[in-house]
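Pasted below: work-v4.cif, mmCIF, C-alpha atoms.
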```
data_final
#
loop_
_atom_site.label_atom_id
_atom_site.label_comp_id
_atom_site.auth_asym_id
_atom_site.auth_seq_id
_atom_site.Cartn_x
_atom_site.Cartn_y
_atom_site.Cartn_z
CA GLN A 83 61.95 133.78 71.61
CA LYS A 84 65.44 132.31 71.42
CA GLU A 85 66.12 130.06 68.45
CA VAL A 86 67.40 127.28 70.71
CA GLU A 87 66.11 126.88 74.26
CA GLN A 88 67.78 124.76 76.90
CA ASP A 89 67.18 124.31 80.61
CA PRO A 90 70.34 125.60 82.35
CA GLY A 91 70.04 123.18 85.28
CA PRO A 92 72.04 122.40 87.28
CA LEU A 93 71.25 118.74 87.12
CA SER A 94 72.75 116.57 89.85
CA VAL A 95 72.62 112.76 89.57
CA PRO A 96 74.32 109.79 91.25
CA GLU A 97 76.95 107.78 89.41
CA GLY A 98 75.37 105.14 87.19
CA ALA A 99 72.16 107.08 86.55
CA ILE A 100 70.67 107.64 83.12
CA VAL A 101 70.78 111.33 82.25
CA SER A 102 68.39 113.04 79.87
CA LEU A 103 69.27 116.47 78.49
CA ASN A 104 66.86 118.34 76.25
CA CYS A 105 66.53 121.32 73.96
CA THR A 106 63.81 122.84 71.81
CA TYR A 107 64.29 124.93 68.72
CA SER A 108 62.06 127.33 66.85
CA ASN A 109 62.94 127.10 63.16
CA SER A 110 61.69 124.03 61.32
CA ALA A 111 64.31 124.67 58.61
CA PHE A 112 67.13 123.57 60.92
CA GLN A 113 68.51 120.23 59.77
CA TYR A 114 71.76 119.59 61.63
CA PHE A 115 71.94 119.18 65.39
CA MET A 116 74.91 118.83 67.67
CA TRP A 117 75.76 118.26 71.28
CA TYR A 118 78.94 119.78 72.65
CA ARG A 119 80.47 119.12 76.05
CA GLN A 120 82.28 121.91 77.83
CA TYR A 121 84.39 121.44 80.93
CA SER A 122 84.93 124.39 83.23
CA ARG A 123 87.02 127.13 81.61
CA LYS A 124 87.62 125.05 78.49
CA GLY A 125 86.36 125.27 74.93
CA PRO A 126 83.40 123.16 73.76
CA GLU A 127 84.15 119.76 72.25
CA LEU A 128 81.82 117.95 69.87
CA LEU A 129 80.10 114.88 71.33
CA MET A 130 77.39 113.96 68.85
CA TYR A 131 76.18 115.13 65.45
CA THR A 132 72.84 114.19 63.88
CA TYR A 133 71.08 115.10 60.68
CA SER A 134 67.28 115.46 60.53
CA SER A 135 65.13 113.15 62.67
CA GLY A 136 66.13 109.92 64.33
CA ASN A 137 68.55 108.46 66.82
CA LYS A 138 72.31 108.15 66.86
CA GLU A 139 74.26 106.14 69.37
CA ASP A 140 77.92 106.36 70.35
CA GLY A 141 78.96 104.30 73.34
CA ARG A 142 77.09 105.55 76.41
CA PHE A 143 75.65 108.51 74.50
CA THR A 144 72.47 108.62 72.40
CA ALA A 145 71.30 111.70 70.52
CA GLN A 146 67.68 111.93 69.44
CA VAL A 147 65.96 114.43 67.17
CA ASP A 148 62.19 114.78 66.81
CA LYS A 149 61.57 117.33 64.07
CA SER A 150 57.79 117.15 64.42
CA SER A 151 58.02 118.63 67.92
CA LYS A 152 61.32 120.50 67.36
CA TYR A 153 62.87 118.64 70.26
CA ILE A 154 66.40 117.31 70.63
CA SER A 155 67.71 115.09 73.40
CA LEU A 156 70.95 113.62 74.65
CA PHE A 157 70.88 110.52 76.83
CA ILE A 158 73.86 109.42 78.88
CA ARG A 159 73.81 105.86 80.21
CA ASP A 160 75.81 104.71 83.22
CA SER A 161 76.84 108.27 83.99
CA GLN A 162 80.30 108.81 85.47
CA PRO A 163 81.77 111.63 87.60
CA SER A 164 83.94 112.45 84.58
CA ASP A 165 80.72 113.33 82.70
CA SER A 166 80.31 116.35 84.99
CA ALA A 167 80.36 119.29 82.60
CA THR A 168 78.09 121.69 80.77
CA TYR A 169 76.29 120.20 77.78
CA LEU A 170 75.44 122.53 74.94
CA CYS A 171 72.96 121.73 72.20
CA ALA A 172 73.47 123.51 68.89
CA THR A 173 72.06 123.69 65.42
CA ASP A 174 73.76 124.67 62.18
CA ASN A 175 72.11 127.69 60.58
CA THR A 176 73.70 128.67 57.26
CA ASP A 177 77.21 127.66 58.27
CA LYS A 178 77.19 129.09 61.78
CA LEU A 179 76.23 127.37 65.01
CA ILE A 180 73.41 128.57 67.24
CA PHE A 181 73.78 127.30 70.79
CA GLY A 182 71.46 126.79 73.70
CA THR A 183 72.48 128.20 77.06
CA GLY A 184 73.92 124.85 78.18
CA THR A 185 72.87 122.50 80.97
CA ARG A 186 75.30 122.03 83.83
CA LEU A 187 75.49 118.37 84.87
CA GLN A 188 77.07 117.05 88.02
CA VAL A 189 77.49 113.31 88.57
CA PHE A 190 78.38 112.49 92.15
CA PRO A 191 80.07 109.23 93.26
CA ASP B 123 97.95 117.12 65.28
CA THR B 124 97.49 120.44 67.05
CA GLY B 125 94.03 121.80 67.65
CA VAL B 126 92.82 125.38 67.47
CA SER B 127 95.25 127.56 69.39
CA GLN B 128 94.33 130.86 71.05
CA ASP B 129 96.53 133.49 72.64
CA PRO B 130 96.50 134.93 75.22
CA ARG B 131 94.41 132.60 77.33
CA HIS B 132 93.71 135.31 79.87
CA LYS B 133 93.76 139.08 79.62
CA ILE B 134 92.91 141.68 82.26
CA THR B 135 92.67 145.20 80.92
CA LYS B 136 91.49 148.57 82.06
CA ARG B 137 88.36 150.07 80.59
CA GLY B 138 89.17 152.10 77.52
CA GLN B 139 92.24 150.08 76.52
CA ASN B 140 92.53 148.11 73.30
CA VAL B 141 93.06 144.34 73.30
CA THR B 142 93.91 141.87 70.56
CA PHE B 143 93.41 138.12 70.52
CA ARG B 144 95.06 135.73 68.12
CA CYS B 145 93.75 132.44 66.78
CA ASP B 146 95.65 129.76 64.89
CA PRO B 147 93.19 127.31 63.31
CA ILE B 148 93.79 123.66 62.56
CA SER B 149 96.07 123.37 59.58
CA GLU B 150 94.22 123.38 56.22
CA HIS B 151 90.94 124.48 57.77
CA ASN B 152 89.63 127.21 55.51
CA ARG B 153 86.77 128.29 57.77
CA LEU B 154 87.50 130.27 60.91
CA TYR B 155 84.90 131.49 63.40
CA TRP B 156 84.82 133.81 66.38
CA TYR B 157 82.28 133.37 69.17
CA ARG B 158 81.75 135.08 72.49
CA GLN B 159 80.58 133.31 75.64
CA THR B 160 79.50 134.91 78.90
CA LEU B 161 78.92 133.12 82.19
CA GLY B 162 75.88 130.88 82.13
CA GLN B 163 75.29 131.33 78.40
CA GLY B 164 76.12 129.37 75.31
CA PRO B 165 78.60 130.71 72.75
CA GLU B 166 77.24 133.47 70.51
CA PHE B 167 78.38 133.85 66.92
CA LEU B 168 80.41 136.97 66.13
CA THR B 169 81.91 136.48 62.67
CA TYR B 170 83.45 133.98 60.30
CA PHE B 171 85.99 133.78 57.49
CA GLN B 172 86.28 131.60 54.44
CA ASN B 173 90.02 131.76 53.80
CA GLU B 174 90.81 135.49 54.05
CA ALA B 175 87.29 136.71 53.23
CA GLN B 176 85.08 137.77 56.11
CA LEU B 177 81.70 136.40 55.02
CA GLU B 178 79.38 137.30 57.86
CA LYS B 179 79.32 139.55 60.90
CA SER B 180 76.80 139.39 63.72
CA ARG B 181 75.09 142.55 64.89
CA LEU B 182 76.83 141.75 68.21
CA LEU B 183 80.04 142.86 66.53
CA SER B 184 79.96 146.59 67.22
CA ASP B 185 82.21 149.12 65.51
CA ARG B 186 84.74 148.69 68.30
CA PHE B 187 85.36 145.11 67.21
CA SER B 188 87.41 144.18 64.18
CA ALA B 189 88.54 140.79 62.97
CA GLU B 190 91.07 139.97 60.29
CA ARG B 191 92.51 136.92 58.63
CA PRO B 192 95.06 138.49 56.31
CA LYS B 193 96.59 135.42 54.68
CA GLY B 194 93.83 132.94 55.26
CA SER B 195 95.69 131.28 58.12
CA PHE B 196 95.71 132.87 61.60
CA SER B 197 93.16 135.47 62.65
CA THR B 198 93.09 138.38 65.06
CA LEU B 199 90.17 139.87 66.94
CA GLU B 200 90.72 143.41 68.20
CA ILE B 201 88.49 145.23 70.65
CA GLN B 202 89.01 148.96 70.86
CA ARG B 203 88.07 151.14 73.84
CA THR B 204 87.06 148.14 75.93
CA GLU B 205 83.99 148.34 78.15
CA GLN B 206 83.08 146.24 81.18
CA GLY B 207 80.38 144.57 79.10
CA ASP B 208 83.10 143.14 76.86
CA SER B 209 84.22 140.84 79.68
CA ALA B 210 83.69 137.34 78.33
CA MET B 211 85.43 134.34 76.86
CA TYR B 212 86.26 134.76 73.19
CA LEU B 213 86.27 131.45 71.38
CA CYS B 214 87.84 130.72 68.05
CA ALA B 215 86.83 127.71 65.98
CA SER B 216 87.72 126.26 62.61
CA SER B 217 86.43 123.73 60.11
CA LEU B 218 87.03 122.38 56.62
CA GLY B 219 83.83 124.01 55.42
CA THR B 220 80.09 123.47 55.12
CA GLY B 221 78.88 120.28 56.75
CA ASN B 222 82.17 119.59 58.51
CA THR B 223 82.81 119.46 62.22
CA ILE B 224 83.57 122.79 63.86
CA TYR B 225 86.43 122.52 66.34
CA PHE B 226 86.84 125.04 69.13
CA GLY B 227 89.91 126.38 70.85
CA GLU B 228 90.25 126.74 74.61
CA GLY B 229 89.16 130.36 74.49
CA SER B 230 90.63 133.68 75.53
CA TRP B 231 89.24 135.11 78.76
CA LEU B 232 88.89 138.87 78.87
CA THR B 233 88.27 140.79 82.08
CA VAL B 234 87.75 144.53 81.78
CA VAL B 235 88.20 146.38 85.06
#
```
Since I need it in another form, could you write the structure as structure tokens?
Amino acid sequence: QKEVEQDPGPLSVPEGAIVSLNCTYSNSAFQYFMWYRQYSRKGPELLMYTYSSGNKEDGRFTAQVDKSSKYISLFIRDSQPSDSATYLCATDNTDKLIFGTGTRLQVFP
Amino acid sequence: DTGVSQDPRHKITKRGQNVTFRCDPISEHNRLYWYRQTLGQGPEFLTYFQNEAQLEKSRLLSDRFSAERPKGSFSTLEIQRTEQGDSAMYLCASSLGTGNTIYFGEGSWLTVV
């Protein structure tokens, strides 16, 4: 079993839709959770960072962590074509990041 | 403020040749990481440095791979006797340390033919 599981998609939505991206993880000791966005042939860039359970909001983006079910989510409101990218969830395990496979998102006009 | 810089961005090499990638981290970042990413997968941890000390190596890092950070600034990743399975994007990242954001470079694409 992989330590972080993520549906690879692709996910295709119309502009303005609410997008939900999800990951599960296996180790209950994980405390820090991140979402990175990666455009084609570019390096990942950090979108959101959360510690333990709860929600965190930043503009159109909301990150949610449910430690009881080992489930992490990223919601994108009012999605835009510029949001089309691969979204990677990650957790911090003793100073190194463990990533999911990434979900490819396409937002069409 | 420059980000993490990687060179070369693209490298095509013949099987059996050696290749070396260079990474320049963000200034004053004492942590430097190397990851590998193949198509359709997330980045996989290879190794990391705290200043010039290499603190951890993944079992993915075979004997043909060696990484150095001689003066605690830039780092090199060398792959000897390349194999087709080494074809991937090699990502470098840096941070100020535990609990701080890890910033990635644009990656170095390796194609072994």
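Closest approach to chain A from the set B:His132, B:Arg137, B:Arg191, B:Arg203 is made by B:His132, with distances taken over all atoms listed in the file.
Applied to the shown file, the PyMOL selection byres ((chain A) within 10 of (chain B)) selects the residues Gln88, Pro90, Tyr114, Met116, Gln120, Arg123, Lys124, Gly125, Pro126, Glu127, Leu128, Tyr131, Thr168, Tyr169, Leu170, Cys171, Ala172, Asp174, Thr176, Asp177, Lys178, Leu179, Ile180, Phe181, Gly182, Thr183, Gly184, Thr185 and Arg186 of chain A.
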Written file, previous selection with C-alpha atoms, as a PDB file, in the coordinates of the input:
```pdb
ATOM      1  CA  GLN A  88      67.780 124.760  76.900  1.00  0.00           C
ATOM      2  CA  PRO A  90      70.340 125.600  82.350  1.00  0.00           C
ATOM      3  CA  TYR A 114      71.760 119.590  61.630  1.00  0.00           C
ATOM      4  CA  MET A 116      74.910 118.830  67.670  1.00  0.00           C
ATOM      5  CA  GLN A 120      82.280 121.910  77.830  1.00  0.00           C
ATOM      6  CA  ARG A 123      87.020 127.130  81.610  1.00  0.00           C
ATOM      7  CA  LYS A 124      87.620 125.050  78.490  1.00  0.00           C
ATOM      8  CA  GLY A 125      86.360 125.270  74.930  1.00  0.00           C
ATOM      9  CA  PRO A 126      83.400 123.160  73.760  1.00  0.00           C
ATOM     10  CA  GLU A 127      84.150 119.760  72.250  1.00  0.00           C
ATOM     11  CA  LEU A 128      81.820 117.950  69.870  1.00  0.00           C
ATOM     12  CA  TYR A 131      76.180 115.130  65.450  1.00  0.00           C
ATOM     13  CA  THR A 168      78.090 121.690  80.770  1.00  0.00           C
ATOM     14  CA  TYR A 169      76.290 120.200  77.780  1.00  0.00           C
ATOM     15  CA  LEU A 170      75.440 122.530  74.940  1.00  0.00           C
ATOM     16  CA  CYS A 171      72.960 121.730  72.200  1.00  0.00           C
ATOM     17  CA  ALA A 172      73.470 123.510  68.890  1.00  0.00           C
ATOM     18  CA  ASP A 174      73.760 124.670  62.180  1.00  0.00           C
ATOM     19  CA  THR A 176      73.700 128.670  57.260  1.00  0.00           C
ATOM     20  CA  ASP A 177      77.210 127.660  58.270  1.00  0.00           C
ATOM     21  CA  LYS A 178      77.190 129.090  61.780  1.00  0.00           C
ATOM     22  CA  LEU A 179      76.230 127.370  65.010  1.00  0.00           C
ATOM     23  CA  ILE A 180      73.410 128.570  67.240  1.00  0.00           C
ATOM     24  CA  PHE A 181      73.780 127.300  70.790  1.00  0.00           C
ATOM     25  CA  GLY A 182      71.460 126.790  73.700  1.00  0.00           C
ATOM     26  CA  THR A 183      72.480 128.200  77.060  1.00  0.00           C
ATOM     27  CA  GLY A 184      73.920 124.850  78.180  1.00  0.00           C
ATOM     28  CA  THR A 185      72.870 122.500  80.970  1.00  0.00           C
ATOM     29  CA  ARG A 186      75.300 122.030  83.830  1.00  0.00           C
TER      30      ARG A 186
END
```
Task: Test item: residues at most 12 Å from Ile158 of chain A, all atoms listed in the file, excluding those fewer than 4 positions along its chain, as an MDAnalysis selection string - done: chainID A and resid 95 97:104 117 129:130 139:146 162:166 169 187 189
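In this model, the gap between atom CA of Ser195 of chain B and atom CA of Gln128 of chain B comes to 13.0 Å.
Atom CA of Glu150 of chain B lies 17.0 Å from atom CA of Gln176 of chain B.
The closest residue to Asp146 of chain B, picked from B:Ser197, B:Lys133, B:Gln172, B:Ala210 and counting all atoms listed in the file, is B:Ser197.
Here atom CA of Thr135 of chain B is placed at a distance of 26.8 Å from atom CA of Ser216 of chain B.
Proximity to Asp129 of chain B was assessed for B:Thr142, B:Ser180, B:Ser217, B:Thr233 counting only C-alpha atoms; the smallest distance is recorded for B:Thr142.
Here the question is which of A:Gln113, A:Gly91, A:Arg119, A:Leu156 gets nearest to Ser135 of chain A using all atoms listed in the file, and that residue is A:Gln113.
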TODO: Have a look at B:Ser127, B:Ala189, B:Gln202, B:Val141 and name the one nearest to Leu177 of chain B; count all atoms listed in the file.
DONE: B:Ala189
Selection: 7 Å around Thr204 of chain B, only C-alpha atoms, excl. self and same-chain fewer than 5 positions, as a CSV table (one decimal) with C-alpha atoms, in the frame of the given file:
```csv
chain,number,residue,atom,x,y,z
B,137,ARG,CA,88.4,150.1,80.6
B,138,GLY,CA,89.2,152.1,77.5
B,139,GLN,CA,92.2,150.1,76.5
B,140,ASN,CA,92.5,148.1,73.3
B,234,VAL,CA,87.8,144.5,81.8
```
TODO: List every protein, DNA or RNA residue that has an atom no more than 12 Å from (73.8, 145.0, 72.9) in the file's coordinate frame, counting all atoms listed in the file, and report them as a ChimeraX atom specification.
DONE: /B:180-185,205,207-208
